[in-house]
file protein_19.pdb (PDB, C-alpha atoms and all ligand atoms)
ATOM      1  CA  MET A   1      19.409   5.471   5.611
ATOM      2  CA  SER A   2      16.370   7.097   4.161
ATOM      3  CA  ASP A   3      14.275   9.039   6.593
ATOM      4  CA  ARG A   4      11.186   7.622   4.954
ATOM      5  CA  SER A   5      11.712   3.985   5.765
ATOM      6  CA  THR A   6      13.703   3.625   8.937
ATOM      7  CA  ARG A   7      13.495   6.639  11.223
ATOM      8  CA  ARG A   8      11.810   5.745  14.495
ATOM      9  CA  ARG A   9       8.620   7.742  14.560
ATOM     10  CA  ARG A  10       7.844   9.861  17.594
ATOM     11  CA  LEU A  11       4.590   9.273  19.449
ATOM     12  CA  VAL A  12       2.819  11.395  22.038
ATOM     13  CA  ILE A  13       0.229   9.399  23.959
ATOM     14  CA  LEU A  14      -2.707  11.023  25.748
ATOM     15  CA  ILE A  15      -4.342   9.166  28.607
ATOM     16  CA  SER A  16      -6.864   9.699  31.407
ATOM     17  CA  GLY A  17      -6.788   6.381  33.226
ATOM     18  CA  GLY A  18      -5.236   2.994  33.655
ATOM     19  CA  GLY A  19      -3.028   3.155  30.638
ATOM     20  CA  SER A  20      -3.178  -0.489  29.619
ATOM     21  CA  ASN A  21      -3.239   0.650  25.986
ATOM     22  CA  LEU A  22      -0.225   2.839  26.745
ATOM     23  CA  GLN A  23       1.444  -0.274  28.151
ATOM     24  CA  SER A  24       0.732  -2.147  24.926
ATOM     25  CA  PHE A  25       2.551   0.619  23.018
ATOM     26  CA  MET A  26       5.483   0.502  25.447
ATOM     27  CA  ASP A  27       5.695  -3.272  25.012
ATOM     28  CA  ALA A  28       5.398  -3.112  21.210
ATOM     29  CA  CYS A  29       8.175  -0.480  21.032
ATOM     30  CA  ALA A  30      10.424  -2.522  23.326
ATOM     31  CA  GLU A  31       9.829  -5.695  21.370
ATOM     32  CA  GLY A  32      10.313  -4.031  17.978
ATOM     33  CA  SER A  33       6.889  -4.768  16.483
ATOM     34  CA  LEU A  34       6.329  -0.999  16.602
ATOM     35  CA  ASN A  35       9.199   1.025  15.181
ATOM     36  CA  ALA A  36       8.589   4.112  17.295
ATOM     37  CA  GLU A  37       9.528   5.838  20.494
ATOM     38  CA  ILE A  38       7.140   7.340  23.000
ATOM     39  CA  ALA A  39       8.307  10.927  23.287
ATOM     40  CA  ALA A  40       5.838  11.839  26.031
ATOM     41  CA  VAL A  41       2.717  10.781  27.892
ATOM     42  CA  ILE A  42       0.195  13.452  28.826
ATOM     43  CA  SER A  43      -2.776  12.989  31.162
ATOM     44  CA  ASN A  44      -5.619  15.365  31.938
ATOM     45  CA  LYS A  45      -6.011  13.581  35.288
ATOM     46  CA  VAL A  46      -3.409  13.644  38.018
ATOM     47  CA  SER A  47      -4.652  10.281  39.316
ATOM     48  CA  ALA A  48      -4.130   8.398  36.023
ATOM     49  CA  LYS A  49      -2.298   5.142  36.760
ATOM     50  CA  GLY A  50      -0.734   5.290  33.327
ATOM     51  CA  LEU A  51       1.499   8.144  34.512
ATOM     52  CA  GLU A  52       3.313   5.705  36.775
ATOM     53  CA  ARG A  53       3.861   3.269  33.936
ATOM     54  CA  ALA A  54       5.459   6.064  31.925
ATOM     55  CA  ALA A  55       7.561   7.299  34.849
ATOM     56  CA  ASN A  56       8.829   3.791  35.591
ATOM     57  CA  ALA A  57       9.931   3.473  31.974
ATOM     58  CA  GLY A  58      11.681   6.855  32.015
ATOM     59  CA  ILE A  59       9.191   8.421  29.596
ATOM     60  CA  PRO A  60       8.489  12.146  30.098
ATOM     61  CA  ASN A  61       5.039  12.377  31.653
ATOM     62  CA  ILE A  62       2.977  15.469  32.126
ATOM     63  CA  VAL A  63      -0.316  16.315  33.796
ATOM     64  CA  LEU A  64      -2.437  19.015  32.235
ATOM     65  CA  ASP A  65      -5.498  19.339  34.457
ATOM     66  CA  HIS A  66      -8.463  20.454  32.381
ATOM     67  CA  THR A  67     -10.244  21.823  35.461
ATOM     68  CA  GLU A  68      -7.619  24.561  35.663
ATOM     69  CA  PHE A  69      -8.721  26.037  32.344
ATOM     70  CA  PRO A  70     -11.669  28.367  31.849
ATOM     71  CA  SER A  71     -12.780  26.716  28.614
ATOM     72  CA  ARG A  72     -12.286  23.621  26.474
ATOM     73  CA  GLY A  73     -10.689  25.790  23.809
ATOM     74  CA  GLU A  74      -8.024  27.109  26.161
ATOM     75  CA  PHE A  75      -7.265  23.641  27.517
ATOM     76  CA  ASP A  76      -6.949  22.321  23.962
ATOM     77  CA  ALA A  77      -4.639  25.166  22.910
ATOM     78  CA  ALA A  78      -2.319  24.508  25.856
ATOM     79  CA  LEU A  79      -2.457  20.769  25.233
ATOM     80  CA  GLY A  80      -1.604  21.287  21.572
ATOM     81  CA  ASP A  81       1.406  23.442  22.459
ATOM     82  CA  ILE A  82       2.776  20.823  24.846
ATOM     83  CA  ILE A  83       2.270  18.088  22.263
ATOM     84  CA  ASP A  84       4.021  20.151  19.576
ATOM     85  CA  SER A  85       6.983  20.766  21.896
ATOM     86  CA  PHE A  86       7.734  17.030  21.504
ATOM     87  CA  SER A  87       7.503  17.162  17.673
ATOM     88  CA  PRO A  88       5.480  13.965  17.319
ATOM     89  CA  ASP A  89       4.755  12.212  14.046
ATOM     90  CA  LEU A  90       1.622  10.675  15.535
ATOM     91  CA  VAL A  91      -0.629  11.511  18.490
ATOM     92  CA  ILE A  92      -2.394   8.598  20.175
ATOM     93  CA  LEU A  93      -5.544   8.887  22.318
ATOM     94  CA  ALA A  94      -5.367   5.913  24.660
ATOM     95  CA  GLY A  95      -8.336   6.078  26.989
ATOM     96  CA  PHE A  96      -8.279   9.857  26.817
ATOM     97  CA  MET A  97     -11.622  11.036  28.124
ATOM     98  CA  ARG A  98     -11.917  14.680  27.035
ATOM     99  CA  ILE A  99     -13.768  15.666  23.904
ATOM    100  CA  LEU A 100     -11.436  17.723  21.711
ATOM    101  CA  THR A 101     -12.491  20.937  19.960
ATOM    102  CA  PRO A 102     -12.306  21.325  16.163
ATOM    103  CA  PRO A 103      -9.231  23.632  16.236
ATOM    104  CA  PHE A 104      -7.295  20.959  18.127
ATOM    105  CA  VAL A 105      -8.469  18.208  15.793
ATOM    106  CA  ASN A 106      -7.538  20.258  12.723
ATOM    107  CA  ARG A 107      -4.111  21.052  14.148
ATOM    108  CA  PHE A 108      -3.307  17.322  14.261
ATOM    109  CA  LEU A 109      -5.587  16.074  11.486
ATOM    110  CA  GLY A 110      -4.298  12.933   9.816
ATOM    111  CA  ARG A 111      -1.871  12.209  12.641
ATOM    112  CA  LEU A 112      -4.343  11.815  15.506
ATOM    113  CA  MET A 113      -5.798   8.377  16.311
ATOM    114  CA  ASN A 114      -8.222   7.037  18.889
ATOM    115  CA  ILE A 115      -9.335   3.616  20.031
ATOM    116  CA  HIS A 116     -12.977   3.340  20.908
ATOM    117  CA  PRO A 117     -14.418   0.307  22.693
ATOM    118  CA  SER A 118     -17.249  -0.514  20.282
ATOM    119  CA  LEU A 119     -17.775  -1.597  16.697
ATOM    120  CA  LEU A 120     -18.254   1.907  15.334
ATOM    121  CA  PRO A 121     -20.498   3.326  13.953
ATOM    122  CA  LYS A 122     -22.369   1.516  16.745
ATOM    123  CA  TYR A 123     -22.239   3.144  20.172
ATOM    124  CA  PRO A 124     -20.183   6.292  19.903
ATOM    125  CA  GLY A 125     -19.708   8.083  23.220
ATOM    126  CA  LEU A 126     -19.646   6.506  26.657
ATOM    127  CA  HIS A 127     -20.856   3.255  28.345
ATOM    128  CA  THR A 128     -20.438   1.240  25.157
ATOM    129  CA  HIS A 129     -20.307  -2.215  26.740
ATOM    130  CA  GLN A 130     -23.484  -1.821  28.773
ATOM    131  CA  ARG A 131     -25.259  -0.463  25.718
ATOM    132  CA  ALA A 132     -24.194  -3.473  23.606
ATOM    133  CA  ILE A 133     -25.355  -5.912  26.320
ATOM    134  CA  ASP A 134     -28.655  -4.083  26.823
ATOM    135  CA  ALA A 135     -29.297  -4.195  23.071
ATOM    136  CA  GLY A 136     -28.837  -7.990  23.076
ATOM    137  CA  ASP A 137     -25.896  -7.784  20.660
ATOM    138  CA  LYS A 138     -24.002 -11.010  19.968
ATOM    139  CA  LYS A 139     -20.723  -9.285  19.344
ATOM    140  CA  ALA A 140     -18.770  -6.312  20.563
ATOM    141  CA  GLY A 141     -15.342  -4.992  19.827
ATOM    142  CA  ALA A 142     -13.075  -2.032  19.408
ATOM    143  CA  THR A 143     -12.297   0.369  16.598
ATOM    144  CA  VAL A 144      -9.128   2.316  15.866
ATOM    145  CA  HIS A 145      -9.965   5.437  13.878
ATOM    146  CA  PHE A 146      -8.548   8.726  12.769
ATOM    147  CA  VAL A 147      -9.977  11.488  14.928
ATOM    148  CA  THR A 148     -12.136  14.111  13.262
ATOM    149  CA  ALA A 149     -14.283  16.834  14.811
ATOM    150  CA  GLU A 150     -17.237  14.431  14.891
ATOM    151  CA  LEU A 151     -17.020  12.479  18.144
ATOM    152  CA  ASP A 152     -16.058   8.860  17.399
ATOM    153  CA  GLY A 153     -17.085   9.618  13.822
ATOM    154  CA  GLY A 154     -13.704   9.651  12.104
ATOM    155  CA  PRO A 155     -12.937   6.971   9.512
ATOM    156  CA  ALA A 156     -12.014   3.537  10.822
ATOM    157  CA  ILE A 157      -8.603   1.928  10.386
ATOM    158  CA  VAL A 158      -9.027  -1.440  12.073
ATOM    159  CA  GLN A 159     -11.657  -3.261  14.109
ATOM    160  CA  ALA A 160     -11.500  -6.327  16.337
ATOM    161  CA  GLU A 161     -14.679  -8.288  16.972
ATOM    162  CA  VAL A 162     -15.221 -10.328  20.103
ATOM    163  CA  PRO A 163     -18.259 -12.388  21.125
ATOM    164  CA  ILE A 164     -20.697 -11.361  23.841
ATOM    165  CA  PHE A 165     -21.732 -14.254  26.079
ATOM    166  CA  LYS A 166     -25.033 -14.512  27.975
ATOM    167  CA  LYS A 167     -23.571 -14.024  31.409
ATOM    168  CA  ASP A 168     -21.377 -11.081  30.486
ATOM    169  CA  THR A 169     -21.394  -7.980  32.612
ATOM    170  CA  ALA A 170     -20.060  -4.706  31.259
ATOM    171  CA  GLU A 171     -16.867  -5.291  33.267
ATOM    172  CA  ILE A 172     -16.280  -8.786  31.914
ATOM    173  CA  LEU A 173     -16.949  -7.646  28.371
ATOM    174  CA  ALA A 174     -14.720  -4.591  28.773
ATOM    175  CA  ALA A 175     -11.832  -6.825  29.852
ATOM    176  CA  ARG A 176     -12.355  -9.150  26.864
ATOM    177  CA  VAL A 177     -12.413  -6.227  24.438
ATOM    178  CA  LEU A 178      -9.420  -4.556  26.071
ATOM    179  CA  GLU A 179      -7.238  -7.598  25.476
ATOM    180  CA  TYR A 180      -7.759  -7.185  21.725
ATOM    181  CA  GLU A 181      -7.396  -3.415  21.818
ATOM    182  CA  HIS A 182      -3.828  -4.145  22.839
ATOM    183  CA  HIS A 183      -3.250  -6.010  19.569
ATOM    184  CA  ILE A 184      -4.934  -3.766  17.036
ATOM    185  CA  TYR A 185      -3.863  -0.343  18.323
ATOM    186  CA  PRO A 186      -0.067  -0.793  18.090
ATOM    187  CA  LEU A 187      -0.675  -2.544  14.747
ATOM    188  CA  ALA A 188      -2.492   0.473  13.322
ATOM    189  CA  ALA A 189       0.250   2.749  14.655
ATOM    190  CA  GLN A 190       2.916   0.585  13.007
ATOM    191  CA  TRP A 191       1.148   0.878   9.644
ATOM    192  CA  PHE A 192       1.225   4.645  10.085
ATOM    193  CA  CYS A 193       4.880   4.620  11.140
ATOM    194  CA  GLU A 194       5.783   2.595   8.061
ATOM    195  CA  GLY A 195       4.134   5.223   5.892
ATOM    196  CA  ARG A 196       1.485   2.769   4.721
ATOM    197  CA  LEU A 197      -1.523   4.503   6.237
ATOM    198  CA  GLU A 198      -2.970   7.905   5.496
ATOM    199  CA  LEU A 199      -6.066   9.992   5.930
ATOM    200  CA  ASP A 200      -6.933  11.333   2.501
ATOM    201  CA  ASP A 201      -9.789  13.805   2.363
ATOM    202  CA  GLY A 202     -11.867  11.822   4.868
ATOM    203  CA  ASP A 203     -10.918   8.391   3.530
ATOM    204  CA  VAL A 204      -8.380   5.969   4.976
ATOM    205  CA  LEU A 205      -5.812   4.551   2.583
ATOM    206  CA  LEU A 206      -3.695   1.518   3.468
ATOM    207  CA  ASP A 207      -1.017   0.819   0.864
ATOM    208  CA  ASN A 208      -2.862   3.313  -1.358
ATOM    209  CA  GLU A 209      -6.048   1.234  -1.199
ATOM    210  CA  LEU A 210      -9.271   2.641   0.163
ATOM    211  CA  LEU A 211     -10.353   0.779   3.305
ATOM    212  CA  PRO A 212     -13.983  -0.296   3.654
ATOM    213  CA  GLU A 213     -16.233   1.210   6.311
ATOM    214  CA  GLY A 214     -15.073  -0.332   9.586
ATOM    215  CA  GLY A 215     -11.526  -0.579   8.302
ATOM    216  CA  VAL A 216      -9.552  -3.805   8.355
ATOM    217  CA  CYS A 217     -11.493  -6.417  10.330
ATOM    218  CA  VAL A 218      -9.505  -8.625  12.658
ATOM    219  CA  GLU A 219     -11.693 -11.488  13.792
ATOM    220  CA  ILE A 220     -10.485 -12.960  17.013
ATOM    221  CA  ARG A 221     -11.025 -16.628  17.660
ATOM    222  CA  GLN A 222     -11.986 -17.077  21.241
ATOM    223  CA  LYS A 223     -10.191 -19.759  23.225
ATOM    224  CA  ARG A 224     -12.809 -21.042  25.606
TER     225      ARG A 224
HETATM  226  N1  LIG A 301     -12.539  14.412  20.198
HETATM  227  C1  LIG A 301     -12.991  14.533  18.940
HETATM  228  N2  LIG A 301     -13.122  15.764  18.456
HETATM  229  N3  LIG A 301     -13.312  13.475  18.170
HETATM  230  C2  LIG A 301     -13.193  12.239  18.676
HETATM  231  O1  LIG A 301     -13.506  11.214  17.897
HETATM  232  C3  LIG A 301     -12.751  12.040  19.993
HETATM  233  C4  LIG A 301     -12.420  13.179  20.737
HETATM  234  C5  LIG A 301     -11.965  13.061  22.066
HETATM  235  C6  LIG A 301     -11.887  11.824  22.656
HETATM  236  C7  LIG A 301     -12.291   9.393  22.654
HETATM  237  C8  LIG A 301     -13.772   9.013  22.849
HETATM  238  C9  LIG A 301     -13.950   7.501  22.960
HETATM  239  O2  LIG A 301     -13.215   6.750  22.329
HETATM  240  C10 LIG A 301     -12.249  10.693  21.942
HETATM  241  C11 LIG A 301     -12.655  10.775  20.609
HETATM  242  C12 LIG A 301     -14.597  11.185  25.848
HETATM  243  C13 LIG A 301     -15.974  11.344  25.723
HETATM  244  C14 LIG A 301     -16.738  12.209  26.692
HETATM  245  O3  LIG A 301     -17.949  12.271  26.645
HETATM  246  C15 LIG A 301     -16.603  10.726  24.658
HETATM  247  C16 LIG A 301     -15.877   9.980  23.753
HETATM  248  C17 LIG A 301     -14.505   9.821  23.878
HETATM  249  C18 LIG A 301     -13.871  10.420  24.938
HETATM  250  N4  LIG A 301     -16.043  12.928  27.592
HETATM  251  C19 LIG A 301     -16.604  13.845  28.579
HETATM  252  C20 LIG A 301     -16.352  15.307  28.153
HETATM  253  O4  LIG A 301     -17.156  16.143  28.585
HETATM  254  C21 LIG A 301     -15.966  13.661  29.935
HETATM  255  C22 LIG A 301     -16.151  12.296  30.485
HETATM  256  C23 LIG A 301     -15.250  11.999  31.679
HETATM  257  O5  LIG A 301     -14.381  12.814  32.021
HETATM  258  O6  LIG A 301     -15.379  10.892  32.237
HETATM  259  O7  LIG A 301     -15.354  15.601  27.477
HETATM  260  O8  LIG A 301     -14.908   7.038  23.617
HETATM  261  C1  LIG A 302     -10.124   1.414  26.695
HETATM  262  O1  LIG A 302     -11.082   0.393  26.663
HETATM  263  C2  LIG A 302     -10.432   2.424  25.617
HETATM  264  O2  LIG A 302     -10.929   1.855  24.440
HETATM  265  C3  LIG A 302     -11.473   3.240  26.284
HETATM  266  O3  LIG A 302     -11.083   3.348  27.625
HETATM  267  C4  LIG A 302     -10.254   2.226  27.973
HETATM  268  C5  LIG A 302      -8.934   2.760  28.453
HETATM  269  O4  LIG A 302      -8.188   1.753  29.023
HETATM  270  N1  LIG A 302     -11.565   4.533  25.699
HETATM  271  C6  LIG A 302     -12.608   5.295  25.841
HETATM  272  O5  LIG A 302     -13.636   4.911  26.374
HETATM  273  C7  LIG A 302     -12.417   6.666  25.298
HETATM  274  N2  LIG A 302     -13.551   7.449  25.666
HETATM  275  P1  LIG A 302      -6.650   1.982  29.383
HETATM  276  O6  LIG A 302      -6.533   3.296  30.147
HETATM  277  O7  LIG A 302      -6.308   0.816  30.232
HETATM  278  O8  LIG A 302      -5.908   2.025  28.097
END
call {"tool": "encode", "arguments": {"input": "protein_19.pdb", "output": "structure tokens"}}
result
Amino acid sequence: MSDRSTRRRRLVILISGGGSNLQSFMDACAEGSLNAEIAAVISNKVSAKGLERAANAGIPNIVLDHTEFPSRGEFDAALGDIIDSFSPDLVILAGFMRILTPPFVNRFLGRLMNIHPSLLPKYPGLHTHQRAIDAGDKKAGATVHFVTAELDGGPAIVQAEVPIFKKDTAEILAARVLEYEHHIYPLAAQWFCEGRLELDDGDVLLDNELLPEGGVCVEIRQKR
């Protein structure tokens, strides 16, 4: 068996919260739509619910509390060492809420992905759903992208669009977007695990083809 095509890729998943995206990776691995194993889950918050999901599934789970480090750089160096101890092929930010310093990003460049709950380049940073509602936008969504030093500025791999309805609150919209995050994030990871996806000098290639800005667009038809 060639290593290239069939070896199960190793993932390390970083979380800070509920871990529903982590759960979508656990489900996709179990079901076989993602040919990978989750080598470890790491949280910067001891209270992250996602840690329990990992523990219940027998996945090594680690807390690295950023408040115990004197600087971002030192936290990132320790985090990078723990990640490397699991020899991952791909590192997944799944609701990870700490901005990462350039040395960390460069250490994992091309094998570090994030999902951001907006249609980037719109609304990088925090409070994306409220900002989209306040702006009167008709659609919202989520973007999977390679992480670069520019916050939420790395090139996009795949986007899902969902409608915004008049009565939406940020919470309602967040839940609608989250449902589709759970489809597109394991999908992007599977492309990477199959060797179909790469970051090439700031561009994203899928099957050796340059992706457009925004990446692959998955339009979701809303059952209503
Ligand atoms: N790091 C780099 N260098 N580049 C990216 O694209 C990153 C990143 C780290 C995290 C996720 C991102 C998101 O999808 C992400 C992308 C945290 C903040 C933030 O302001 C912003 C964006 C993202 C994650 N964090 C505060 C901080 O001071 C803390 C907020 C909190 O703890 O609640 O780090 O949205
Ligand atoms: C998701 O909506 C994710 O896109 C977002 O946080 C949620 C995490 O949910 N990420 C960020 O805002 C990153 N700053 P989860 O913990 O249930 O996966």
call {"tool": "closest_atom_pairs", "arguments": {"input": "protein_19.pdb", "of": "range 153-203 of chain A", "to": "range 132-138 of chain A", "cutoff": "10 Å", "atoms": "all atoms listed in the file", "output": "JSON lines"}}
result
{"residue": "A:Val162", "atom": "CA", "partner": "A:Lys138", "partner_atom": "CA", "distance": 8.8}
{"residue": "A:Pro163", "atom": "CA", "partner": "A:Lys138", "partner_atom": "CA", "distance": 6.0}
{"residue": "A:Ile164", "atom": "CA", "partner": "A:Lys138", "partner_atom": "CA", "distance": 5.1}
{"residue": "A:Phe165", "atom": "CA", "partner": "A:Lys138", "partner_atom": "CA", "distance": 7.3}
{"residue": "A:Lys166", "atom": "CA", "partner": "A:Ile133", "partner_atom": "CA", "distance": 8.8}
{"residue": "A:Lys167", "atom": "CA", "partner": "A:Ile133", "partner_atom": "CA", "distance": 9.7}
{"residue": "A:Asp168", "atom": "CA", "partner": "A:Ile133", "partner_atom": "CA", "distance": 7.7}
{"residue": "A:Thr169", "atom": "CA", "partner": "A:Ile133", "partner_atom": "CA", "distance": 7.7}
{"residue": "A:Ala170", "atom": "CA", "partner": "A:Ile133", "partner_atom": "CA", "distance": 7.3}
{"residue": "A:Leu173", "atom": "CA", "partner": "A:Ile133", "partner_atom": "CA", "distance": 8.8}
call {"tool": "residues_near_ligand", "arguments": {"input": "protein_19.pdb", "ligand": "ligand LIG 302 (chain A)", "cutoff": "9 Å", "atoms": "all atoms listed in the file", "output": "MDAnalysis selection string"}}
result
chainID A and resid 15:24 48:50 93:99 114:118 124:128 142:144 152 174:175 177:179 181:182
call {"tool": "resolve_selection", "arguments": {"input": "protein_19.pdb", "expression": "the PyMOL selection byres (((chain A and resi 29-32) around 12) and not hetatm)", "output": "JSON, numbers by chain"}}
result
{"A": [8, 9, 10, 11, 22, 23, 24, 25, 26, 27, 28, 33, 34, 35, 36, 37, 38, 39, 57, 186, 187, 189, 190, 193]}
call {"tool": "axis_aligned_box", "arguments": {"input": "protein_19.pdb", "around": "range 136-145 of chain A", "padding_each_side": "5 Å", "output": "JSON"}}
result
{"center_x": -19.0, "center_y": -2.8, "center_z": 18.5, "size_x": 29.7, "size_y": 26.4, "size_z": 19.2}
call {"tool": "closest_residue", "arguments": {"input": "protein_19.pdb", "among": "A:Ile172, A:Ala40, A:Leu14, A:Val216", "to": "Leu112 in chain A", "atoms": "only C-alpha atoms"}}
result
A:Leu14
call {"tool": "closest_residue", "arguments": {"input": "protein_19.pdb", "among": "A:Pro70, A:Gly153, A:Pro60, A:Pro103", "to": "Ser85 in chain A", "atoms": "only C-alpha atoms"}}
result
A:Pro60
call {"tool": "resolve_selection", "arguments": {"input": "protein_19.pdb", "expression": "the PyMOL selection byres (((chain A and resi 82) around 12) and not hetatm)", "output": "list of chain:residue names"}}
result
A:Val12, A:Ile13, A:Leu14, A:Ala39, A:Ala40, A:Val41, A:Ile42, A:Ser43, A:Pro60, A:Asn61, A:Ile62, A:Val63, A:Leu64, A:Phe75, A:Asp76, A:Ala77, A:Ala78, A:Leu79, A:Gly80, A:Asp81, A:Ile83, A:Asp84, A:Ser85, A:Phe86, A:Ser87, A:Pro88, A:Val91
call {"tool": "atom_distance", "arguments": {"input": "protein_19.pdb", "atom1": "CA of Ile157 in chain A", "atom2": "atom C23 of ligand LIG 301 (chain A)"}}
result
24.5 Å
call {"tool": "closest_residue", "arguments": {"input": "protein_19.pdb", "among": "A:Asn56, A:Thr148, A:Thr67, A:Asn106", "to": "ligand LIG 301 (chain A)", "atoms": "all atoms listed in the file"}}
result
A:Thr148
call {"tool": "decode", "arguments": {"input": "protein_19.pdb", "residues": "range 90-117 of chain A", "atoms": "C-alpha atoms", "output": "PDB file, in the first residue's frame"}}
result
ATOM      1  CA  LEU A  90      -2.831  18.494   9.588  1.00  0.00           C
ATOM      2  CA  VAL A  91      -3.706  20.872  12.429  1.00  0.00           C
ATOM      3  CA  ILE A  92      -7.337  21.962  12.693  1.00  0.00           C
ATOM      4  CA  LEU A  93      -8.558  25.100  14.499  1.00  0.00           C
ATOM      5  CA  ALA A  94     -12.118  24.281  15.509  1.00  0.00           C
ATOM      6  CA  GLY A  95     -13.488  27.214  17.453  1.00  0.00           C
ATOM      7  CA  PHE A  96     -10.023  27.981  18.767  1.00  0.00           C
ATOM      8  CA  MET A  97     -10.154  31.500  20.135  1.00  0.00           C
ATOM      9  CA  ARG A  98      -6.516  32.579  20.524  1.00  0.00           C
ATOM     10  CA  ILE A  99      -4.756  34.600  17.874  1.00  0.00           C
ATOM     11  CA  LEU A 100      -1.578  32.771  16.862  1.00  0.00           C
ATOM     12  CA  THR A 101       1.787  34.499  16.411  1.00  0.00           C
ATOM     13  CA  PRO A 102       3.681  34.403  13.093  1.00  0.00           C
ATOM     14  CA  PRO A 103       6.331  31.902  14.322  1.00  0.00           C
ATOM     15  CA  PHE A 104       3.571  29.432  15.187  1.00  0.00           C
ATOM     16  CA  VAL A 105       1.801  29.980  11.877  1.00  0.00           C
ATOM     17  CA  ASN A 106       5.044  29.516   9.936  1.00  0.00           C
ATOM     18  CA  ARG A 107       5.871  26.344  11.847  1.00  0.00           C
ATOM     19  CA  PHE A 108       2.646  24.749  10.573  1.00  0.00           C
ATOM     20  CA  LEU A 109       2.177  26.703   7.346  1.00  0.00           C
ATOM     21  CA  GLY A 110       0.285  24.762   4.706  1.00  0.00           C
ATOM     22  CA  ARG A 111      -1.003  22.236   7.226  1.00  0.00           C
ATOM     23  CA  LEU A 112      -2.988  24.563   9.489  1.00  0.00           C
ATOM     24  CA  MET A 113      -6.677  25.237   8.767  1.00  0.00           C
ATOM     25  CA  ASN A 114      -9.385  27.312  10.403  1.00  0.00           C
ATOM     26  CA  ILE A 115     -13.125  27.655  10.027  1.00  0.00           C
ATOM     27  CA  HIS A 116     -14.447  31.149  10.410  1.00  0.00           C
ATOM     28  CA  PRO A 117     -18.161  31.897  10.746  1.00  0.00           C
TER      29      PRO A 117
END
